[in-house]
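Colleague: File model_13.pdb follows (PDB, C-alpha atoms and all ligand atoms):
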```pdb
ATOM      1  CA  MET A 184      34.542 -18.498 130.737  1.00  0.00           C
ATOM      2  CA  GLU A 185      35.405 -14.845 130.154  1.00  0.00           C
ATOM      3  CA  LEU A 186      32.377 -12.633 130.681  1.00  0.00           C
ATOM      4  CA  TYR A 187      33.415  -9.934 128.255  1.00  0.00           C
ATOM      5  CA  SER A 188      35.929  -9.566 125.454  1.00  0.00           C
ATOM      6  CA  GLY A 189      39.605  -8.870 126.135  1.00  0.00           C
ATOM      7  CA  ARG A 190      39.870  -5.107 126.566  1.00  0.00           C
ATOM      8  CA  ILE A 191      36.716  -4.878 128.663  1.00  0.00           C
ATOM      9  CA  ASN A 192      37.963  -7.667 130.929  1.00  0.00           C
ATOM     10  CA  THR A 193      41.317  -5.952 131.306  1.00  0.00           C
ATOM     11  CA  LEU A 194      39.627  -2.706 132.355  1.00  0.00           C
ATOM     12  CA  VAL A 195      37.322  -4.523 134.790  1.00  0.00           C
ATOM     13  CA  ASP A 196      40.304  -6.366 136.297  1.00  0.00           C
ATOM     14  CA  GLU A 197      42.330  -3.169 136.717  1.00  0.00           C
ATOM     15  CA  LEU A 198      39.441  -1.426 138.462  1.00  0.00           C
ATOM     16  CA  ALA A 199      38.637  -4.455 140.638  1.00  0.00           C
ATOM     17  CA  ALA A 200      42.250  -4.446 141.857  1.00  0.00           C
ATOM     18  CA  LEU A 201      41.640  -1.051 143.524  1.00  0.00           C
ATOM     19  CA  PRO A 202      40.795  -1.050 147.254  1.00  0.00           C
ATOM     20  CA  GLY A 203      37.087  -1.076 148.064  1.00  0.00           C
ATOM     21  CA  ILE A 204      36.021  -1.889 144.506  1.00  0.00           C
ATOM     22  CA  GLY A 205      34.333  -5.271 144.196  1.00  0.00           C
ATOM     23  CA  SER A 206      33.688  -7.109 140.965  1.00  0.00           C
ATOM     24  CA  LYS A 207      30.212  -5.578 140.484  1.00  0.00           C
ATOM     25  CA  SER A 208      31.408  -2.010 141.050  1.00  0.00           C
ATOM     26  CA  ALA A 209      34.339  -2.646 138.707  1.00  0.00           C
ATOM     27  CA  GLN A 210      31.973  -3.735 135.933  1.00  0.00           C
ATOM     28  CA  ARG A 211      29.703  -0.750 136.531  1.00  0.00           C
ATOM     29  CA  LEU A 212      32.658   1.659 136.418  1.00  0.00           C
ATOM     30  CA  ALA A 213      34.160  -0.010 133.359  1.00  0.00           C
ATOM     31  CA  PHE A 214      30.977   0.366 131.331  1.00  0.00           C
ATOM     32  CA  HIS A 215      30.524   3.895 132.600  1.00  0.00           C
ATOM     33  CA  ILE A 216      34.037   4.807 131.414  1.00  0.00           C
ATOM     34  CA  ILE A 217      33.500   3.115 128.064  1.00  0.00           C
ATOM     35  CA  GLY A 218      30.330   5.166 127.630  1.00  0.00           C
ATOM     36  CA  MET A 219      31.998   8.489 128.516  1.00  0.00           C
ATOM     37  CA  PRO A 220      32.959  11.027 125.797  1.00  0.00           C
ATOM     38  CA  LYS A 221      36.565  10.435 124.703  1.00  0.00           C
ATOM     39  CA  ASP A 222      37.816  13.822 125.922  1.00  0.00           C
ATOM     40  CA  ARG A 223      36.559  13.122 129.431  1.00  0.00           C
ATOM     41  CA  VAL A 224      38.257   9.722 129.499  1.00  0.00           C
ATOM     42  CA  ASN A 225      41.406  11.436 128.287  1.00  0.00           C
ATOM     43  CA  ARG A 226      41.173  14.002 131.087  1.00  0.00           C
ATOM     44  CA  LEU A 227      40.661  11.257 133.683  1.00  0.00           C
ATOM     45  CA  ALA A 228      43.680   9.317 132.384  1.00  0.00           C
ATOM     46  CA  GLN A 229      45.816  12.477 132.350  1.00  0.00           C
ATOM     47  CA  THR A 230      44.701  13.390 135.878  1.00  0.00           C
ATOM     48  CA  LEU A 231      45.692   9.942 137.146  1.00  0.00           C
ATOM     49  CA  MET A 232      49.108  10.155 135.484  1.00  0.00           C
ATOM     50  CA  ASP A 233      49.666  13.728 136.590  1.00  0.00           C
ATOM     51  CA  ALA A 234      48.871  12.940 140.242  1.00  0.00           C
ATOM     52  CA  ARG A 235      51.103   9.894 140.198  1.00  0.00           C
ATOM     53  CA  GLU A 236      53.998  11.801 138.576  1.00  0.00           C
ATOM     54  CA  ASN A 237      53.841  14.942 140.690  1.00  0.00           C
ATOM     55  CA  VAL A 238      52.713  13.948 144.154  1.00  0.00           C
ATOM     56  CA  CYS A 239      55.582  13.500 146.590  1.00  0.00           C
ATOM     57  CA  TYR A 240      56.282  13.622 150.323  1.00  0.00           C
ATOM     58  CA  CYS A 241      56.342  16.946 152.159  1.00  0.00           C
ATOM     59  CA  GLU A 242      59.958  17.641 153.154  1.00  0.00           C
ATOM     60  CA  LYS A 243      58.980  18.223 156.775  1.00  0.00           C
ATOM     61  CA  CYS A 244      55.982  16.084 157.714  1.00  0.00           C
ATOM     62  CA  PHE A 245      55.993  13.477 154.896  1.00  0.00           C
ATOM     63  CA  THR A 246      52.356  13.888 154.024  1.00  0.00           C
ATOM     64  CA  LEU A 247      51.545  13.607 150.332  1.00  0.00           C
ATOM     65  CA  THR A 248      51.690  16.933 148.512  1.00  0.00           C
ATOM     66  CA  ASP A 249      52.652  18.370 145.152  1.00  0.00           C
ATOM     67  CA  GLU A 250      54.892  21.120 146.562  1.00  0.00           C
ATOM     68  CA  ALA A 251      58.126  20.891 148.569  1.00  0.00           C
ATOM     69  CA  LEU A 252      56.105  21.767 151.674  1.00  0.00           C
ATOM     70  CA  CYS A 253      52.472  20.822 152.311  1.00  0.00           C
ATOM     71  CA  PRO A 254      49.966  23.631 153.094  1.00  0.00           C
ATOM     72  CA  VAL A 255      50.219  22.957 156.863  1.00  0.00           C
ATOM     73  CA  CYS A 256      54.030  23.099 157.000  1.00  0.00           C
ATOM     74  CA  ALA A 257      54.068  26.128 154.684  1.00  0.00           C
ATOM     75  CA  ASN A 258      51.709  28.018 157.024  1.00  0.00           C
ATOM     76  CA  VAL A 259      53.823  30.217 159.344  1.00  0.00           C
ATOM     77  CA  LYS A 260      50.910  30.534 161.783  1.00  0.00           C
ATOM     78  CA  ARG A 261      51.051  26.847 162.719  1.00  0.00           C
ATOM     79  CA  ASP A 262      52.627  25.922 166.044  1.00  0.00           C
ATOM     80  CA  THR A 263      55.704  23.882 165.148  1.00  0.00           C
ATOM     81  CA  SER A 264      56.376  22.969 168.788  1.00  0.00           C
ATOM     82  CA  THR A 265      53.526  20.430 168.710  1.00  0.00           C
ATOM     83  CA  ILE A 266      53.673  17.487 166.315  1.00  0.00           C
ATOM     84  CA  MET A 267      50.730  15.146 165.869  1.00  0.00           C
ATOM     85  CA  VAL A 268      51.801  11.731 164.598  1.00  0.00           C
ATOM     86  CA  VAL A 269      49.320  10.032 162.267  1.00  0.00           C
ATOM     87  CA  GLU A 270      49.445   6.875 160.175  1.00  0.00           C
ATOM     88  CA  ASN A 271      48.548   8.404 156.804  1.00  0.00           C
ATOM     89  CA  SER A 272      47.558  11.551 154.919  1.00  0.00           C
ATOM     90  CA  ARG A 273      43.845  10.718 155.244  1.00  0.00           C
ATOM     91  CA  ASP A 274      44.126  10.791 159.045  1.00  0.00           C
ATOM     92  CA  LEU A 275      45.850  14.170 158.767  1.00  0.00           C
ATOM     93  CA  ALA A 276      42.947  15.401 156.648  1.00  0.00           C
ATOM     94  CA  ALA A 277      40.464  14.122 159.257  1.00  0.00           C
ATOM     95  CA  TYR A 278      42.120  16.249 161.976  1.00  0.00           C
ATOM     96  CA  GLU A 279      42.517  19.231 159.651  1.00  0.00           C
ATOM     97  CA  LYS A 280      38.793  19.107 158.983  1.00  0.00           C
ATOM     98  CA  THR A 281      38.105  19.822 162.654  1.00  0.00           C
ATOM     99  CA  GLY A 282      39.808  23.204 162.125  1.00  0.00           C
ATOM    100  CA  LYS A 283      40.808  23.229 165.809  1.00  0.00           C
ATOM    101  CA  TYR A 284      44.293  21.764 165.768  1.00  0.00           C
ATOM    102  CA  GLU A 285      47.007  24.402 165.412  1.00  0.00           C
ATOM    103  CA  GLY A 286      50.135  22.290 165.555  1.00  0.00           C
ATOM    104  CA  VAL A 287      51.858  20.451 162.742  1.00  0.00           C
ATOM    105  CA  TYR A 288      51.865  16.762 161.789  1.00  0.00           C
ATOM    106  CA  HIS A 289      54.129  13.843 161.078  1.00  0.00           C
ATOM    107  CA  VAL A 290      52.863  11.154 158.720  1.00  0.00           C
ATOM    108  CA  LEU A 291      54.281   7.669 159.310  1.00  0.00           C
ATOM    109  CA  HIS A 292      52.802   5.997 156.219  1.00  0.00           C
ATOM    110  CA  GLY A 293      51.782   2.886 158.086  1.00  0.00           C
ATOM    111  CA  ALA A 294      52.101   1.311 161.498  1.00  0.00           C
ATOM    112  CA  ILE A 295      54.341  -1.392 162.908  1.00  0.00           C
ATOM    113  CA  SER A 296      52.821  -4.791 162.160  1.00  0.00           C
ATOM    114  CA  PRO A 297      54.863  -7.925 162.829  1.00  0.00           C
ATOM    115  CA  MET A 298      52.041  -9.933 161.232  1.00  0.00           C
ATOM    116  CA  LEU A 299      52.353  -8.072 157.928  1.00  0.00           C
ATOM    117  CA  GLY A 300      56.125  -7.909 158.221  1.00  0.00           C
ATOM    118  CA  ILE A 301      56.131  -4.103 158.662  1.00  0.00           C
ATOM    119  CA  GLY A 302      58.940  -3.141 161.003  1.00  0.00           C
ATOM    120  CA  PRO A 303      60.007   0.225 162.478  1.00  0.00           C
ATOM    121  CA  GLY A 304      62.345   0.770 159.523  1.00  0.00           C
ATOM    122  CA  ASP A 305      59.480   0.535 157.053  1.00  0.00           C
ATOM    123  CA  ILE A 306      57.628   3.625 158.295  1.00  0.00           C
ATOM    124  CA  LYS A 307      58.794   7.237 158.815  1.00  0.00           C
ATOM    125  CA  LEU A 308      59.920   6.828 162.452  1.00  0.00           C
ATOM    126  CA  LYS A 309      63.561   7.762 162.080  1.00  0.00           C
ATOM    127  CA  GLU A 310      62.386  10.919 160.306  1.00  0.00           C
ATOM    128  CA  LEU A 311      60.176  11.789 163.295  1.00  0.00           C
ATOM    129  CA  ILE A 312      63.058  11.570 165.756  1.00  0.00           C
ATOM    130  CA  THR A 313      65.179  13.739 163.430  1.00  0.00           C
ATOM    131  CA  ARG A 314      62.579  16.482 163.858  1.00  0.00           C
ATOM    132  CA  LEU A 315      63.119  16.630 167.631  1.00  0.00           C
ATOM    133  CA  ASP A 316      65.667  19.449 167.476  1.00  0.00           C
ATOM    134  CA  GLY A 317      64.911  21.028 170.859  1.00  0.00           C
ATOM    135  CA  THR A 318      62.099  23.282 169.603  1.00  0.00           C
ATOM    136  CA  VAL A 319      59.479  20.517 169.777  1.00  0.00           C
ATOM    137  CA  LYS A 320      57.657  20.427 173.120  1.00  0.00           C
ATOM    138  CA  GLU A 321      55.004  17.776 172.543  1.00  0.00           C
ATOM    139  CA  ILE A 322      54.369  14.775 170.327  1.00  0.00           C
ATOM    140  CA  ILE A 323      50.717  13.758 170.198  1.00  0.00           C
ATOM    141  CA  ILE A 324      50.438  10.175 169.002  1.00  0.00           C
ATOM    142  CA  ALA A 325      47.240   9.809 167.012  1.00  0.00           C
ATOM    143  CA  THR A 326      47.811   6.409 165.457  1.00  0.00           C
ATOM    144  CA  ASN A 327      44.724   4.174 165.191  1.00  0.00           C
ATOM    145  CA  SER A 328      43.632   2.297 168.296  1.00  0.00           C
ATOM    146  CA  SER A 329      44.348  -1.038 166.586  1.00  0.00           C
ATOM    147  CA  LEU A 330      47.041  -3.434 167.810  1.00  0.00           C
ATOM    148  CA  GLU A 331      49.387  -1.970 165.178  1.00  0.00           C
ATOM    149  CA  GLY A 332      48.571   1.609 166.203  1.00  0.00           C
ATOM    150  CA  GLU A 333      49.180   0.834 169.890  1.00  0.00           C
ATOM    151  CA  THR A 334      52.420  -1.017 169.146  1.00  0.00           C
ATOM    152  CA  THR A 335      53.612   1.962 167.133  1.00  0.00           C
ATOM    153  CA  ALA A 336      52.671   4.382 169.945  1.00  0.00           C
ATOM    154  CA  MET A 337      54.665   2.369 172.502  1.00  0.00           C
ATOM    155  CA  TYR A 338      57.589   2.176 170.119  1.00  0.00           C
ATOM    156  CA  ILE A 339      57.622   5.970 169.669  1.00  0.00           C
ATOM    157  CA  ARG A 340      57.503   6.420 173.457  1.00  0.00           C
ATOM    158  CA  LYS A 341      60.590   4.209 173.691  1.00  0.00           C
ATOM    159  CA  LEU A 342      62.375   6.002 170.834  1.00  0.00           C
ATOM    160  CA  VAL A 343      61.862   9.443 172.382  1.00  0.00           C
ATOM    161  CA  GLY A 344      63.385   8.090 175.578  1.00  0.00           C
ATOM    162  CA  ASP A 345      64.767  10.812 177.850  1.00  0.00           C
ATOM    163  CA  LEU A 346      64.542  13.658 175.344  1.00  0.00           C
ATOM    164  CA  PRO A 347      62.794  16.655 176.927  1.00  0.00           C
ATOM    165  CA  VAL A 348      59.615  16.183 174.877  1.00  0.00           C
ATOM    166  CA  ARG A 349      56.146  15.483 176.230  1.00  0.00           C
ATOM    167  CA  VAL A 350      54.692  12.350 174.595  1.00  0.00           C
ATOM    168  CA  THR A 351      50.903  12.050 174.715  1.00  0.00           C
ATOM    169  CA  ARG A 352      48.367   9.639 173.266  1.00  0.00           C
ATOM    170  CA  ILE A 353      44.911  10.667 172.077  1.00  0.00           C
ATOM    171  CA  ALA A 354      42.110   9.351 174.281  1.00  0.00           C
ATOM    172  CA  SER A 355      40.413   6.160 173.269  1.00  0.00           C
ATOM    173  CA  GLY A 356      37.120   7.886 172.504  1.00  0.00           C
ATOM    174  CA  VAL A 357      38.177   6.613 169.138  1.00  0.00           C
ATOM    175  CA  PRO A 358      36.673   3.101 168.903  1.00  0.00           C
ATOM    176  CA  VAL A 359      39.089   0.202 169.176  1.00  0.00           C
ATOM    177  CA  GLY A 360      40.323  -0.833 165.766  1.00  0.00           C
ATOM    178  CA  GLY A 361      38.658   2.240 164.282  1.00  0.00           C
ATOM    179  CA  ASP A 362      40.228   4.131 161.438  1.00  0.00           C
ATOM    180  CA  LEU A 363      40.571   7.826 162.240  1.00  0.00           C
ATOM    181  CA  GLU A 364      39.310   8.873 158.837  1.00  0.00           C
ATOM    182  CA  TYR A 365      35.829   7.441 159.512  1.00  0.00           C
ATOM    183  CA  ILE A 366      35.358   9.144 162.856  1.00  0.00           C
ATOM    184  CA  ASP A 367      33.299  12.303 163.230  1.00  0.00           C
ATOM    185  CA  GLU A 368      34.959  15.601 164.115  1.00  0.00           C
ATOM    186  CA  VAL A 369      33.446  15.897 167.610  1.00  0.00           C
ATOM    187  CA  THR A 370      34.862  12.491 168.587  1.00  0.00           C
ATOM    188  CA  LEU A 371      38.248  13.401 167.109  1.00  0.00           C
ATOM    189  CA  LEU A 372      38.380  16.642 169.091  1.00  0.00           C
ATOM    190  CA  ARG A 373      37.301  14.891 172.283  1.00  0.00           C
ATOM    191  CA  ALA A 374      40.061  12.317 171.741  1.00  0.00           C
ATOM    192  CA  LEU A 375      42.567  15.137 171.272  1.00  0.00           C
ATOM    193  CA  GLU A 376      41.436  17.091 174.328  1.00  0.00           C
ATOM    194  CA  GLY A 377      41.416  13.945 176.493  1.00  0.00           C
ATOM    195  CA  ARG A 378      44.942  12.931 175.542  1.00  0.00           C
ATOM    196  CA  THR A 379      47.085  11.439 178.274  1.00  0.00           C
ATOM    197  CA  GLU A 380      50.810  11.219 179.000  1.00  0.00           C
ATOM    198  CA  LEU A 381      52.498   8.161 177.593  1.00  0.00           C
TER     199      LEU A 381
HETATM  200 ZN    ZN B 401      54.128  19.038 155.681  1.00  0.00          ZN
END
```
Take the structure in this file and express it as C-alpha cells.
Ligand code: ZN

Modeller:
Amino acid sequence: MELYSGRINTLVDELAALPGIGSKSAQRLAFHIIGMPKDRVNRLAQTLMDARENVCYCEKCFTLTDEALCPVCANVKRDTSTIMVVENSRDLAAYEKTGKYEGVYHVLHGAISPMLGIGPGDIKLKELITRLDGTVKEIIIATNSSLEGETTAMYIRKLVGDLPVRVTRIASGVPVGGDLEYIDEVTLLRALEGRTEL
C-alpha cells in the first residue's frame, strides 16, 4: 500500500535515495519542502541544477571546483613540491580546515577496491603520476586507513617506483577504517606530523 499519493511518494523516494537519508528523514524533508514558500523551493531546485551543471574537476588536483583551478591550486603561496593524496574532496576540506598544511593536493575520487570492482584505472592515479615532473619532492598518502585505502597507498608506492620522490604515509593516529572527514583537526595534524616513509 502506498503511504501517500503519487507526487509525494516520488519526492520521498528521490530523497530517500540520497546517502544518509533514511525513510523517516526523507518523509520529514519531503513535507518540509512541500510546506516551503514556492520561491524558496525554486531557489533550492536552481541551486541543485546550477551546482550539478557548473562543478567540474580542478585541472591540476582534480578536486571539485567551479573554476579551472581550485582555490588551493590557484594560490601561488602554496608549496607545489609537496602533494597530499586524498580519496575525495571532503578529505581535502578536512585537511584544509587545519590551516597548517601548505602543500597542494591530489584527489583520487575513490580507492582501489577489488570487492567493489574499482581498479587502478577507475581512480585518478595515472593523473597523479603525470604530475611528477621533477619539481615534486614528496607525496604524502592520506588515503583512509581502510583495506581499500591501504591497498591504494601500496599501489601508489609501486607506481612511483624509482622516481626521485619521497613517498610517505600519514601515521595511523587515524582510526582503522575511519573516514578522514570525521576526524578532529588535532588528530589529523598528528597523523600528518607522524608520517613515515613508504
Ligand atoms: Zn586544485

Colleague: Would you please work out which residue, of A:His215, A:Lys260, A:His289, A:Arg273, is nearest to Thr313 of chain A when using all atoms listed in the file?

Modeller: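 Smallest distance to Thr313 of chain A is found for A:His289.
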
Colleague: Considering only C-alpha atoms and all ligand atoms, can you say which of A:Gly189, A:Pro347, A:Gly317, A:Pro254 comes closest to ligand ZN 401 (chain B)?

Modeller: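 Using only C-alpha atoms and all ligand atoms, ligand ZN 401 (chain B) sits closest to A:Pro254.
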
Colleague: Select, from A:Met219, A:Leu372, A:Val348, A:Val259, the residue with the minimum atom-to-atom distance to ligand ZN 401 (chain B), counting only C-alpha atoms and all ligand atoms.

Modeller: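 Counting only C-alpha atoms and all ligand atoms, the residue closest to ligand ZN 401 (chain B) is A:Val259.
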
Colleague: Give the residue list for ligand ZN 401 (chain B) at 12 Å, counting all atoms listed in the file, as a PyMOL selection string, sorted by chain and then by residue number.

Modeller: chain A and resi 239-259+261+263+266-268+272+275-276+286-291

Colleague: Box for segment 184-202 of chain A: with edges along x, y and z, all listed atoms inside and 4 Å added on each side, what are the centre and edge lengths in Å to one decimal, as AutoDock Vina command-line options?

Modeller:
```
--center_x 37.4 --center_y -9.8 --center_z 136.4 --size_x 18.0 --size_y 25.4 --size_z 29.8
```

Colleague: Please determine, counting all atoms listed in the file, which residue among A:Gly218, A:Gly203, A:Gly282, A:Pro297 has the shortest atom-to-atom distance to Thr334 of chain A.

Modeller: A:Pro297

Colleague: So that I can check the surroundings of Gly304 of chain A, please list as an MDAnalysis selection string every protein, DNA and RNA residue that reaches within 12 Å of it, counting only C-alpha atoms and ignoring chain neighbours fewer than 3 positions away.

Modeller: chainID A and resid 291:297 300:301 307:311 335 338

Colleague: Residues of the last selection are to be written out with C-alpha atoms, as a compact mmCIF listing (two decimals), in the frame of the given file.

Modeller:
```txt
# COMPACT_ATOMS: atom_id res chain seq x y z
CA LEU A 291 54.28 7.67 159.31
CA HIS A 292 52.80 6.00 156.22
CA GLY A 293 51.78 2.89 158.09
CA ALA A 294 52.10 1.31 161.50
CA ILE A 295 54.34 -1.39 162.91
CA SER A 296 52.82 -4.79 162.16
CA PRO A 297 54.86 -7.92 162.83
CA GLY A 300 56.12 -7.91 158.22
CA ILE A 301 56.13 -4.10 158.66
CA LYS A 307 58.79 7.24 158.82
CA LEU A 308 59.92 6.83 162.45
CA LYS A 309 63.56 7.76 162.08
CA GLU A 310 62.39 10.92 160.31
CA LEU A 311 60.18 11.79 163.29
CA THR A 335 53.61 1.96 167.13
CA TYR A 338 57.59 2.18 170.12
```
